[in-house]
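Asks: Below is the file query-v2.cif, with mmCIF, C-alpha atoms and all ligand atoms.
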data_upload
#
loop_
_atom_site.label_atom_id
_atom_site.label_comp_id
_atom_site.auth_asym_id
_atom_site.auth_seq_id
_atom_site.Cartn_x
_atom_site.Cartn_y
_atom_site.Cartn_z
CA MET A 986 3.39 9.58 -29.66
CA ALA A 987 -0.33 9.78 -29.05
CA PHE A 988 -0.47 7.24 -26.27
CA GLN A 989 2.21 8.70 -24.10
CA ILE A 990 1.01 9.69 -20.67
CA ASN A 991 1.21 13.39 -20.16
CA LYS A 992 1.29 13.52 -16.42
CA ASN A 993 3.36 11.58 -13.96
CA PHE A 994 5.40 11.99 -10.85
CA TYR A 995 7.68 9.87 -8.67
CA GLY A 996 11.00 10.86 -10.14
CA ASP A 997 9.78 10.24 -13.65
CA ILE A 998 8.96 13.77 -14.63
CA PRO A 999 9.28 14.38 -18.36
CA ASP A 1000 11.89 16.93 -19.45
CA ASP A 1001 9.44 19.19 -21.23
CA GLY A 1002 8.89 21.35 -18.16
CA SER A 1003 5.62 19.68 -17.34
CA GLY A 1004 5.33 17.16 -14.53
CA ALA A 1005 4.69 18.64 -11.13
CA THR A 1006 3.55 21.94 -12.59
CA LEU A 1007 1.12 20.42 -15.06
CA PRO A 1008 -2.44 21.67 -14.84
CA GLN A 1009 -4.38 19.14 -12.81
CA THR A 1010 -7.74 17.76 -13.75
CA ALA A 1011 -9.24 18.75 -10.42
CA THR A 1012 -9.61 22.40 -9.59
CA GLU A 1013 -8.71 22.22 -5.93
CA THR A 1014 -5.13 21.01 -6.31
CA LYS A 1015 -3.60 24.46 -6.45
CA ASN A 1016 -2.86 24.41 -2.73
CA GLU A 1017 -1.20 21.02 -2.78
CA TRP A 1018 2.25 20.96 -1.17
CA PRO A 1019 5.02 20.20 -3.66
CA LEU A 1020 6.18 16.62 -4.14
CA TRP A 1021 9.66 15.53 -3.03
CA GLU A 1022 11.69 12.44 -3.87
CA ILE A 1023 13.37 10.90 -0.84
CA PHE A 1024 16.76 9.17 -0.87
CA ILE A 1025 18.14 7.36 2.17
CA ARG A 1026 21.65 6.23 3.05
CA SER A 1027 21.02 3.09 5.07
CA LYS A 1028 24.49 3.09 6.62
CA GLN A 1029 27.81 4.87 6.37
CA GLY A 1030 29.68 3.78 3.27
CA LEU A 1031 26.61 3.10 1.11
CA ASP A 1032 24.94 5.24 -1.56
CA HIS A 1033 21.72 7.09 -0.95
CA LYS A 1034 18.91 5.07 -2.50
CA HIS A 1035 15.49 6.21 -3.69
CA VAL A 1036 12.83 5.06 -1.23
CA GLY A 1037 9.70 6.95 -2.25
CA SER A 1038 8.15 10.37 -2.27
CA LEU A 1039 6.08 12.67 -0.11
CA HIS A 1040 4.49 16.11 -0.08
CA ALA A 1041 5.95 18.90 2.02
CA ALA A 1042 5.81 22.68 2.06
CA ASP A 1043 9.60 23.07 2.02
CA ALA A 1044 12.84 21.09 2.16
CA ALA A 1045 13.12 21.13 5.95
CA MET A 1046 9.63 19.68 6.29
CA ALA A 1047 10.36 17.10 3.58
CA ILE A 1048 13.39 15.87 5.53
CA GLU A 1049 11.49 15.76 8.83
CA ASN A 1050 8.58 13.89 7.27
CA ALA A 1051 10.99 11.51 5.55
CA ARG A 1052 12.55 10.76 8.91
CA ASP A 1053 9.11 10.00 10.33
CA VAL A 1054 7.98 7.68 7.55
CA TYR A 1055 11.14 6.10 6.18
CA THR A 1056 13.49 5.72 9.16
CA ARG A 1057 11.27 4.52 12.01
CA ARG A 1058 13.22 1.27 12.31
CA MET A 1059 16.79 2.49 11.89
CA GLU A 1060 16.60 2.27 8.10
CA GLY A 1061 18.80 5.29 7.59
CA VAL A 1062 21.60 7.56 8.76
CA SER A 1063 21.23 10.28 6.13
CA ILE A 1064 18.39 11.71 4.03
CA TRP A 1065 18.30 13.60 0.72
CA ALA A 1066 15.13 15.34 -0.41
CA VAL A 1067 14.88 16.53 -4.01
CA GLU A 1068 11.84 18.35 -5.29
CA SER A 1069 10.35 15.99 -7.87
CA LYS A 1070 10.03 18.58 -10.60
CA TYR A 1071 13.83 18.84 -10.77
CA VAL A 1072 14.28 15.16 -11.61
CA HIS A 1073 14.91 14.62 -15.32
CA ALA A 1074 14.23 11.18 -16.74
CA SER A 1075 15.13 9.32 -19.91
CA ASN A 1076 12.28 8.30 -22.16
CA PRO A 1077 11.31 4.60 -21.98
CA ASP A 1078 10.21 4.70 -25.63
CA ASP A 1079 13.82 5.44 -26.61
CA ALA A 1080 15.20 2.66 -24.45
CA GLU A 1081 16.00 0.37 -27.36
CA SER A 1082 18.11 2.82 -29.36
CA PHE A 1083 19.39 4.52 -26.23
CA TYR A 1084 20.97 1.44 -24.67
CA GLU A 1085 21.48 -0.67 -27.80
CA PRO A 1086 25.08 0.50 -28.54
CA SER A 1087 26.43 -1.24 -25.44
CA GLU A 1088 24.89 -4.59 -26.34
CA ASP A 1089 27.49 -5.72 -28.92
CA LYS A 1090 30.56 -4.54 -27.04
CA ILE A 1091 31.29 -7.76 -25.25
CA TYR A 1092 35.01 -6.93 -25.15
CA ARG A 1093 34.14 -4.53 -22.32
CA HIS A 1094 33.62 -7.50 -20.04
CA PRO A 1095 36.49 -9.41 -18.39
CA THR A 1096 35.06 -12.76 -19.48
CA PHE A 1097 35.80 -11.86 -23.12
CA TYR A 1098 39.49 -12.63 -22.57
CA GLN A 1099 40.63 -16.27 -22.49
CA LEU A 1100 43.86 -16.48 -20.50
CA PRO A 1101 46.05 -19.46 -19.56
CA ASP A 1102 45.19 -21.06 -16.22
CA GLU A 1103 48.52 -20.00 -14.74
CA VAL A 1104 47.37 -16.39 -14.66
CA ASN A 1105 45.08 -16.78 -11.72
CA HIS A 1106 43.06 -14.04 -10.15
CA MET A 1107 43.33 -11.46 -12.91
CA MET B 247 2.15 2.30 -33.49
CA PRO B 248 -1.48 1.13 -33.48
CA VAL B 249 -3.04 0.49 -30.07
CA GLN B 250 -3.44 -3.25 -30.72
CA ASP B 251 0.32 -3.59 -31.14
CA LEU B 252 1.01 -1.58 -28.02
CA GLU B 253 -1.41 -3.76 -26.10
CA LYS B 254 0.29 -6.87 -27.39
CA ILE B 255 3.74 -5.64 -26.35
CA PHE B 256 2.31 -4.64 -22.97
CA GLN B 257 0.81 -8.09 -22.37
CA GLU B 258 4.07 -9.76 -23.43
CA LYS B 259 5.94 -7.74 -20.84
CA ILE B 260 3.43 -8.78 -18.18
CA ASP B 261 3.71 -12.44 -19.23
CA GLN B 262 7.50 -12.24 -18.97
CA GLU B 263 7.21 -10.79 -15.47
CA ILE B 264 8.65 -7.44 -16.54
CA LYS B 265 7.31 -4.74 -14.22
CA ILE B 266 5.42 -1.79 -15.65
CA GLU B 267 6.89 1.58 -14.65
CA PRO B 268 5.19 5.00 -14.57
CA ARG B 269 6.33 6.28 -17.97
CA ASP B 270 5.74 3.03 -19.87
CA TRP B 271 2.79 2.78 -22.20
CA MET B 272 -0.17 1.03 -20.59
CA PRO B 273 -3.82 0.48 -21.53
CA GLU B 274 -6.12 3.11 -20.05
CA ALA B 275 -8.09 0.40 -18.23
CA TYR B 276 -4.88 -0.86 -16.59
CA ARG B 277 -4.12 2.66 -15.41
CA LYS B 278 -7.66 3.17 -14.12
CA THR B 279 -7.85 -0.19 -12.37
CA ASN B 280 -4.56 0.49 -10.62
CA ILE B 281 -5.53 4.02 -9.62
CA ARG B 282 -8.79 2.73 -8.20
CA GLN B 283 -7.25 -0.19 -6.36
CA ILE B 284 -4.18 1.62 -5.02
CA SER B 285 -6.07 4.72 -3.88
CA GLN B 286 -8.75 2.65 -2.16
CA HIS B 287 -6.01 0.66 -0.53
CA ALA B 288 -4.47 3.94 0.66
CA HIS B 289 -7.82 5.16 2.00
CA SER B 290 -8.18 1.89 3.92
CA GLU B 291 -4.84 2.42 5.67
CA VAL B 292 -5.84 5.95 6.65
CA VAL B 293 -9.41 5.20 7.77
CA GLY B 294 -8.03 2.08 9.46
CA MET B 295 -6.22 4.33 11.93
CA LEU B 296 -9.55 5.47 13.40
CA PRO B 297 -10.82 2.40 15.31
CA GLU B 298 -7.37 1.80 16.80
CA GLY B 299 -6.53 5.46 17.38
CA ASN B 300 -9.64 5.52 19.51
CA TRP B 301 -8.02 3.10 21.97
CA ILE B 302 -4.60 4.72 22.35
CA SER B 303 -5.66 6.77 25.36
CA ARG B 304 -7.43 3.79 26.92
CA ALA B 305 -4.76 1.12 26.44
CA PRO B 306 -4.32 -0.88 29.67
CA SER B 307 -0.61 -0.19 30.14
CA LEU B 308 2.15 2.11 28.96
CA LYS B 309 3.64 -0.76 26.97
CA ARG B 310 0.38 -1.40 25.12
CA LYS B 311 -0.05 2.31 24.53
CA ALA B 312 3.41 2.57 22.96
CA ILE B 313 2.75 -0.48 20.77
CA LEU B 314 -0.60 0.84 19.59
CA LEU B 315 0.87 4.26 18.84
CA ALA B 316 3.62 2.65 16.78
CA LYS B 317 1.11 0.54 14.87
CA VAL B 318 -1.21 3.43 14.09
CA GLN B 319 1.77 5.51 12.97
CA ASP B 320 2.79 2.65 10.64
CA GLU B 321 -0.68 2.64 9.08
CA GLY B 322 -0.39 6.36 8.36
CA GLY B 323 2.91 5.64 6.62
CA HIS B 324 1.29 2.84 4.61
CA GLY B 325 -1.30 5.33 3.41
CA LEU B 326 1.48 7.62 2.27
CA TYR B 327 3.39 4.91 0.37
CA LEU B 328 0.21 3.96 -1.45
CA TYR B 329 -0.95 7.48 -2.25
CA SER B 330 2.51 8.13 -3.72
CA ALA B 331 2.25 5.01 -5.87
CA ALA B 332 -1.18 6.08 -7.15
CA GLU B 333 0.13 9.56 -7.91
CA THR B 334 2.64 8.08 -10.36
CA LEU B 335 -0.36 7.08 -12.47
CA GLY B 336 -1.43 10.69 -12.84
CA MET B 337 -4.00 11.28 -10.14
CA SER B 338 -3.19 14.04 -7.67
CA ARG B 339 -3.28 13.53 -3.91
CA ASP B 340 -5.93 16.22 -3.53
CA GLU B 341 -8.21 14.49 -6.03
CA MET B 342 -7.88 11.21 -4.15
CA ILE B 343 -8.60 12.84 -0.81
CA SER B 344 -11.62 14.66 -2.17
CA ASP B 345 -12.96 11.40 -3.64
CA LEU B 346 -12.64 9.78 -0.23
CA LEU B 347 -14.35 12.64 1.57
CA SER B 348 -17.18 12.87 -0.96
CA GLY B 349 -17.85 9.15 -0.62
CA LYS B 350 -17.01 8.51 -4.29
CA ALA B 351 -14.02 6.33 -3.39
CA LYS B 352 -14.41 3.30 -1.18
CA TYR B 353 -12.20 1.93 1.55
CA SER B 354 -12.17 -1.47 3.19
CA SER B 355 -15.54 -2.13 4.83
CA ILE B 356 -13.92 -3.73 7.84
CA PHE B 357 -13.25 -0.28 9.29
CA ASN B 358 -16.94 0.46 9.39
CA TYR B 359 -17.26 -1.90 12.35
CA PRO B 360 -16.79 -0.51 15.86
CA ALA B 361 -13.96 -1.50 18.22
CA LEU B 362 -15.92 -1.96 21.43
CA THR B 363 -13.48 -3.46 23.93
CA TRP B 364 -9.74 -3.64 24.52
CA ALA B 365 -9.77 -7.21 23.20
CA ASP B 366 -10.78 -5.76 19.84
CA MET B 367 -7.30 -4.26 19.55
CA GLY B 368 -5.99 -7.80 19.71
CA ALA B 369 -8.56 -9.21 17.31
CA VAL B 370 -8.02 -6.40 14.82
CA GLY B 371 -4.25 -6.99 14.80
CA TRP B 372 -4.56 -10.73 14.54
CA LEU B 373 -7.53 -11.08 12.17
CA VAL B 374 -7.81 -7.81 10.27
CA ASP B 375 -4.10 -7.22 9.77
CA GLY B 376 -3.73 -10.96 9.25
CA ALA B 377 -6.23 -10.91 6.40
CA ALA B 378 -4.67 -7.77 4.97
CA ILE B 379 -1.21 -9.33 5.05
CA LEU B 380 -2.24 -12.27 2.84
CA ASN B 381 -3.47 -9.81 0.27
CA GLN B 382 -0.40 -7.63 0.64
CA VAL B 383 2.10 -10.47 0.34
CA MET B 384 0.47 -11.35 -2.98
CA LEU B 385 0.65 -7.70 -4.06
CA CYS B 386 4.42 -7.56 -3.48
CA ARG B 387 4.53 -9.30 -6.88
CA THR B 388 1.92 -7.15 -8.61
CA SER B 389 2.81 -5.98 -12.11
CA TYR B 390 2.90 -2.22 -11.51
CA GLY B 391 6.38 -1.35 -10.17
CA PRO B 392 5.60 1.48 -7.73
CA TYR B 393 2.68 -0.50 -6.23
CA ALA B 394 4.85 -3.59 -5.77
CA ARG B 395 7.61 -1.56 -4.13
CA ALA B 396 5.15 0.10 -1.76
CA MET B 397 3.82 -3.32 -0.79
CA VAL B 398 7.29 -4.70 -0.06
CA ARG B 399 7.86 -1.79 2.31
CA ILE B 400 4.46 -2.31 3.92
CA CYS B 401 4.87 -6.05 4.37
CA LYS B 402 8.12 -5.51 6.27
CA GLU B 403 6.15 -3.49 8.82
CA GLU B 404 2.99 -5.57 8.92
CA SER B 405 4.15 -8.71 10.63
CA PHE B 406 4.63 -6.86 13.90
CA HIS B 407 1.00 -5.74 13.64
CA GLN B 408 -0.36 -9.25 13.51
CA ARG B 409 1.99 -10.57 16.19
CA GLN B 410 1.23 -7.83 18.70
CA GLY B 411 -2.49 -8.48 18.19
CA PHE B 412 -2.17 -12.19 18.74
CA GLU B 413 -0.02 -11.62 21.80
CA ALA B 414 -2.56 -9.22 23.30
CA LEU B 415 -5.25 -11.90 22.88
CA LEU B 416 -2.93 -14.56 24.27
CA VAL B 417 -2.56 -12.57 27.50
CA LEU B 418 -6.35 -12.25 27.78
CA SER B 419 -6.86 -15.93 26.97
CA ARG B 420 -4.72 -16.81 29.99
CA GLY B 421 -6.36 -14.27 32.26
CA THR B 422 -9.46 -14.12 34.45
CA ASP B 423 -12.84 -15.49 33.36
CA ALA B 424 -13.92 -11.97 32.44
CA GLN B 425 -10.82 -11.50 30.28
CA LYS B 426 -11.35 -14.85 28.57
CA ALA B 427 -14.95 -13.93 27.84
CA MET B 428 -13.89 -10.56 26.44
CA CYS B 429 -11.37 -12.33 24.20
CA GLN B 430 -13.94 -14.80 22.86
CA GLU B 431 -16.58 -12.12 22.29
CA SER B 432 -14.20 -10.02 20.31
CA ILE B 433 -13.23 -12.99 18.11
CA ASN B 434 -16.93 -13.64 17.58
CA ARG B 435 -17.48 -10.09 16.41
CA TRP B 436 -14.47 -9.81 14.09
CA TRP B 437 -14.36 -13.26 12.49
CA TRP B 438 -17.04 -12.85 9.84
CA PRO B 439 -16.18 -9.26 8.87
CA SER B 440 -12.55 -10.40 8.46
CA LEU B 441 -13.65 -13.10 6.01
CA MET B 442 -15.55 -10.44 4.08
CA MET B 443 -12.32 -8.47 3.60
CA PHE B 444 -11.42 -10.75 0.70
CA GLY B 445 -14.38 -9.44 -1.26
CA PRO B 446 -17.18 -11.16 -3.16
CA LYS B 447 -16.93 -14.76 -4.28
CA ASP B 448 -14.95 -15.42 -7.46
CA SER B 449 -18.17 -16.33 -9.23
CA GLU B 450 -19.49 -12.83 -8.51
CA SER B 451 -16.41 -10.67 -8.70
CA THR B 452 -16.47 -8.48 -11.80
CA ASN B 453 -12.86 -7.27 -11.94
CA SER B 454 -11.08 -10.48 -11.19
CA ASP B 455 -10.40 -11.96 -14.64
CA GLN B 456 -8.74 -8.95 -16.20
CA SER B 457 -6.81 -8.20 -13.00
CA MET B 458 -5.40 -11.72 -13.03
CA LYS B 459 -4.45 -11.47 -16.70
CA TRP B 460 -2.62 -8.21 -16.04
CA LYS B 461 -1.12 -9.71 -12.89
CA ILE B 462 -2.43 -6.88 -10.75
CA LYS B 463 -3.82 -9.71 -8.64
CA ARG B 464 -2.23 -13.14 -8.56
CA LYS B 465 -4.68 -15.02 -6.41
CA THR B 466 -8.45 -14.93 -6.47
CA ASN B 467 -10.63 -13.73 -3.59
CA ASP B 468 -11.66 -17.29 -2.74
CA GLU B 469 -8.08 -18.60 -2.81
CA LEU B 470 -6.93 -15.91 -0.39
CA ARG B 471 -9.97 -16.42 1.85
CA GLN B 472 -9.30 -20.15 2.06
CA GLN B 473 -5.65 -19.48 2.88
CA PHE B 474 -6.79 -17.20 5.70
CA VAL B 475 -9.25 -19.70 7.14
CA ASP B 476 -6.62 -22.45 7.11
CA MET B 477 -4.16 -20.21 8.91
CA ILE B 478 -6.52 -18.87 11.59
CA ALA B 479 -8.21 -22.22 12.26
CA GLU B 480 -4.82 -23.53 13.40
CA GLN B 481 -3.70 -20.44 15.31
CA ILE B 482 -6.88 -20.22 17.36
CA LYS B 483 -6.03 -23.54 18.97
CA VAL B 484 -3.11 -21.81 20.70
CA LEU B 485 -5.53 -19.30 22.19
CA GLY B 486 -7.88 -22.03 23.36
CA MET B 487 -10.78 -20.05 21.88
CA ARG B 488 -13.21 -21.00 19.14
CA LEU B 489 -14.28 -19.46 15.83
CA PRO B 490 -18.01 -18.69 15.61
CA ASP B 491 -18.72 -21.10 12.77
CA ASP B 492 -20.34 -24.52 13.38
CA GLN B 493 -19.47 -25.65 9.90
CA LEU B 494 -15.75 -25.08 10.31
CA LYS B 495 -14.16 -28.49 9.81
CA TRP B 496 -10.94 -29.93 8.38
CA ASN B 497 -11.58 -31.55 5.01
CA GLU B 498 -9.05 -34.33 4.55
CA GLU B 499 -9.84 -34.69 0.86
CA ARG B 500 -9.34 -31.04 -0.02
CA LYS B 501 -6.58 -30.58 2.55
CA HIS B 502 -8.34 -27.38 3.56
CA TYR B 503 -10.84 -26.28 6.18
CA ASP B 504 -14.48 -26.13 5.12
CA PHE B 505 -16.35 -23.16 6.48
CA GLY B 506 -19.84 -21.72 6.61
CA GLU B 507 -21.49 -19.22 4.30
CA ILE B 508 -20.79 -15.53 4.71
CA ASN B 509 -23.77 -13.25 5.23
CA TRP B 510 -23.57 -11.54 1.84
CA ASP B 511 -26.50 -9.24 2.56
CA GLU B 512 -24.52 -7.77 5.41
CA PHE B 513 -21.46 -7.53 3.17
CA TRP B 514 -23.25 -5.53 0.46
CA ASN B 515 -25.05 -3.43 3.03
CA VAL B 516 -21.79 -2.23 4.58
CA VAL B 517 -20.22 -1.69 1.16
CA LYS B 518 -23.17 0.49 0.23
CA GLY B 519 -22.59 2.68 3.26
CA ASN B 520 -25.01 1.23 5.81
CA GLY B 521 -22.51 -0.31 8.19
CA PRO B 522 -22.46 0.57 11.88
CA CYS B 523 -19.75 3.26 11.54
CA ASN B 524 -19.68 4.43 7.89
CA LYS B 525 -20.92 7.90 8.74
CA GLN B 526 -18.79 8.25 11.85
CA ARG B 527 -15.59 7.31 9.97
CA LEU B 528 -16.17 9.72 7.09
CA ASP B 529 -17.16 12.50 9.47
CA ALA B 530 -13.93 11.97 11.40
CA ARG B 531 -11.88 12.17 8.19
CA LYS B 532 -13.72 15.29 7.04
CA LYS B 533 -13.24 16.98 10.39
CA ALA B 534 -9.51 16.19 10.38
CA HIS B 535 -9.20 17.52 6.84
CA ASP B 536 -11.12 20.73 7.58
CA ASP B 537 -9.42 21.35 10.91
CA GLY B 538 -6.05 20.93 9.23
CA ALA B 539 -6.77 23.35 6.38
CA TRP B 540 -5.21 26.35 8.11
CA VAL B 541 -2.07 24.36 8.89
CA ARG B 542 -1.62 23.40 5.24
CA ALA B 543 -2.16 27.00 4.15
CA ALA B 544 0.14 28.40 6.84
CA ALA B 545 2.96 26.00 5.94
CA LEU B 546 2.77 27.07 2.28
CA ALA B 547 2.72 30.75 3.24
CA TYR B 548 5.70 30.26 5.54
CA ALA B 549 7.66 28.44 2.83
CA ALA B 550 6.91 31.26 0.36
CA LYS B 551 7.93 33.89 2.91
CA LYS B 552 11.25 32.17 3.55
CA ILE B 553 12.04 32.16 -0.18
CA ASN B 554 11.14 35.85 -0.45
CA THR B 555 13.35 36.84 2.48
CA LYS B 556 16.19 34.86 0.98
CA ASN B 557 15.77 36.58 -2.39
CA GLU B 558 15.62 40.02 -0.75
CA LYS B 559 18.83 39.36 1.12
CA ALA B 560 20.51 38.21 -2.07
CA ALA B 561 19.43 41.36 -3.94
FE FE C 1 -1.14 -1.26 6.98
FE FE C 2 -1.27 -3.09 9.75
#
Would you put the structure from the file into structure tokens?
Ligand SMILES: [Fe+2]
Ligand SMILES: [Fe+2]

Replies:
Amino acid sequence: MAFQINKNFYGDIPDDGSGATLPQTATETKNEWPLWEIFIRSKQGLDHKHVGSLHAADAAMAIENARDVYTRRMEGVSIWAVESKYVHASNPDDAESFYEPSEDKIYRHPTFYQLPDEVNHM
Amino acid sequence: MPVQDLEKIFQEKIDQEIKIEPRDWMPEAYRKTNIRQISQHAHSEVVGMLPEGNWISRAPSLKRKAILLAKVQDEGGHGLYLYSAAETLGMSRDEMISDLLSGKAKYSSIFNYPALTWADMGAVGWLVDGAAILNQVMLCRTSYGPYARAMVRICKEESFHQRQGFEALLVLSRGTDAQKAMCQESINRWWWPSLMMFGPKDSESTNSDQSMKWKIKRKTNDELRQQFVDMIAEQIKVLGMRLPDDQLKWNEERKHYDFGEINWDEFWNVVKGNGPCNKQRLDARKKAHDDGAWVRAAALAYAAKKINTKNEKAA
């Protein structure tokens, strides 16, 4: 589609191999450190959650920088850093057809089943 | 799909309070407005570290030094969150930085005023961060997802900034005559520039209408400014100080404070680069960028070397 953006980051890199490695409009970006997506586990027992992104020369630096910016107030006990170009994203233009099949399958929800009152807590 | 239809769908999403995410279709002007606003916001956080950073080594106690360090470090983080949000719209970090250093991109004019005394660290926290917070709270609900998320993160950290500033002034306001005078003078110097932070009057602001329609902004400059005046006019009573405005008066009919006219010539002058510290601030940023060039290059070279050694070992 003509109006699709051809360049974006932040864990939304298109699957066509572009994204982080796309030619930039400015000439002086060739020395830019790669972009990393940061995921933080806020406490034991919870999933890692995406919190943002940052530039770093390598994974170790990404994790150290993530500690400095995203965990200054005890927000985390564990950090994942994933280089942004490795994140593959679904296409928002396909959202309708992509997620539509689950819309009419109401029998997948517990509320679909009317049971006698005696069967509590099922 | 023709552009008109895409624009219609886009506006419907905005009207229904559905956030716009990076890969969604958006009008070019929406993208540009957001890039401009978010990157300038990021620059403001970064340049904003300069007047306060200047006082870290001269803070009056270890406690105040630790607080100021923590605050300045927060502001650096705010810059990062915002740069990242702007990058999702397709502008690279390097482009944004070079626009700042070349003077093409603006940052908040407030940071072109000097911080002359220790009391200024209090006034900046209370008034400057206080004004920024009103804007930022509104932006937590802005229509562009990554920008809104960055603002939520920032707002969580900001309230400490304003409180530590007010508390620093409170200590001075209960101190010696010299400390009280220093407190009042600093309020005198920062009051009007803080009011200017909300930008030109609604009647003169060019971007406001479209930004409101797209819900990038949700309150006008004048609404936010009034909210700020109402808040500060009450808080200053606790300090026992006064705001340097003879026309400041509670208006029972409007249920708001009336206040005097801003010196708009000064406002435009500073915006155009003729403020007391414009040159100094940009020079400091340029120097930091240039002095750090070898570090950036060395880190890349080191990362490349590590990968090579790893590959050699594997072979
Ligand atoms: Fe900030
Ligand atoms: Fe702040």

Asks: Contacts from chain B to chain A, 7 Å maximum, only C-alpha atoms: show me the residue list as a PyMOL selection string.

Replies: chain B and resi 268-271+323+330+333-336+340-341+545-546+549

Asks: Rounded to one decimal, what separation in Å do you get between atom CA of Val475 of chain B and atom CA of Tyr503 of chain B?

Replies: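 Atom CA of Val475 of chain B sits 6.8 Å away from atom CA of Tyr503 of chain B.
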
Asks: Return as JSON, numbers by chain the residues of protein, DNA or RNA that approach ligand FE 2 (chain C) to within 7 Å, with all atoms listed in the file taken into account.

Replies: {"B": [317, 321, 375, 404, 407]}

Asks: Between B:Ala394, B:Ala414, B:Met272, B:Leu441, which has the minimum distance to Ile255 of chain B (counting only C-alpha atoms)?

Replies: B:Met272

Asks: Between atom CA of Asn467 of chain B and atom CA of Gly445 of chain B, what is the distance in Å, rounded to a tenth?

Replies: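 Computing it gives 6.2 Å between the two atoms.
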
Asks: Kindly work out which residues sit at most 12 Å from ligand FE 1 (chain C), using only C-alpha atoms and all ligand atoms, and give the list as a compact mmCIF listing (two decimals) with C-alpha atoms, in the coordinates of the input.

Replies:
# COMPACT_ATOMS: atom_id res chain seq x y z
CA HIS B 287 -6.01 0.66 -0.53
CA ALA B 288 -4.47 3.94 0.66
CA HIS B 289 -7.82 5.16 2.00
CA SER B 290 -8.18 1.89 3.92
CA GLU B 291 -4.84 2.42 5.67
CA VAL B 292 -5.84 5.95 6.65
CA VAL B 293 -9.41 5.20 7.77
CA GLY B 294 -8.03 2.08 9.46
CA MET B 295 -6.22 4.33 11.93
CA ALA B 316 3.62 2.65 16.78
CA LYS B 317 1.11 0.54 14.87
CA VAL B 318 -1.21 3.43 14.09
CA GLN B 319 1.77 5.51 12.97
CA ASP B 320 2.79 2.65 10.64
CA GLU B 321 -0.68 2.64 9.08
CA GLY B 322 -0.39 6.36 8.36
CA GLY B 323 2.91 5.64 6.62
CA HIS B 324 1.29 2.84 4.61
CA GLY B 325 -1.30 5.33 3.41
CA LEU B 326 1.48 7.62 2.27
CA TYR B 327 3.39 4.91 0.37
CA LEU B 328 0.21 3.96 -1.45
CA SER B 354 -12.17 -1.47 3.19
CA VAL B 370 -8.02 -6.40 14.82
CA GLY B 371 -4.25 -6.99 14.80
CA VAL B 374 -7.81 -7.81 10.27
CA ASP B 375 -4.10 -7.22 9.77
CA GLY B 376 -3.73 -10.96 9.25
CA ALA B 377 -6.23 -10.91 6.40
CA ALA B 378 -4.67 -7.77 4.97
CA ILE B 379 -1.21 -9.33 5.05
CA LEU B 380 -2.24 -12.27 2.84
CA ASN B 381 -3.47 -9.81 0.27
CA GLN B 382 -0.40 -7.63 0.64
CA VAL B 383 2.10 -10.47 0.34
CA ALA B 396 5.15 0.10 -1.76
CA MET B 397 3.82 -3.32 -0.79
CA VAL B 398 7.29 -4.70 -0.06
CA ARG B 399 7.86 -1.79 2.31
CA ILE B 400 4.46 -2.31 3.92
CA CYS B 401 4.87 -6.05 4.37
CA LYS B 402 8.12 -5.51 6.27
CA GLU B 403 6.15 -3.49 8.82
CA GLU B 404 2.99 -5.57 8.92
CA SER B 405 4.15 -8.71 10.63
CA PHE B 406 4.63 -6.86 13.90
CA HIS B 407 1.00 -5.74 13.64
CA GLN B 408 -0.36 -9.25 13.51

Asks: Tell me, as number ranges by chain, which residues lie within 12 Å of Ser449 of chain B, counting all atoms listed in the file; anything in the same chain fewer than 6 positions away does not count.

Replies: B: 455, 466-468

Asks: Find the residue from B:Lys426, B:Trp496, B:Lys501, B:Arg395 that sits nearest to His1035 of chain A; use all atoms listed in the file when measuring.

Replies: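 Comparing B:Lys426, B:Trp496, B:Lys501, B:Arg395 against His1035 of chain A, the winner is B:Arg395.
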
Asks: Excluding Phe513 of chain B and residues on its chain fewer than 2 positions from it, collect all residues at most 12 Å away from it, counting all atoms listed in the file, and give them as a VMD selection string.

Replies: chain B and resid 354 to 356 358 to 359 438 to 447 507 to 511 515 to 522
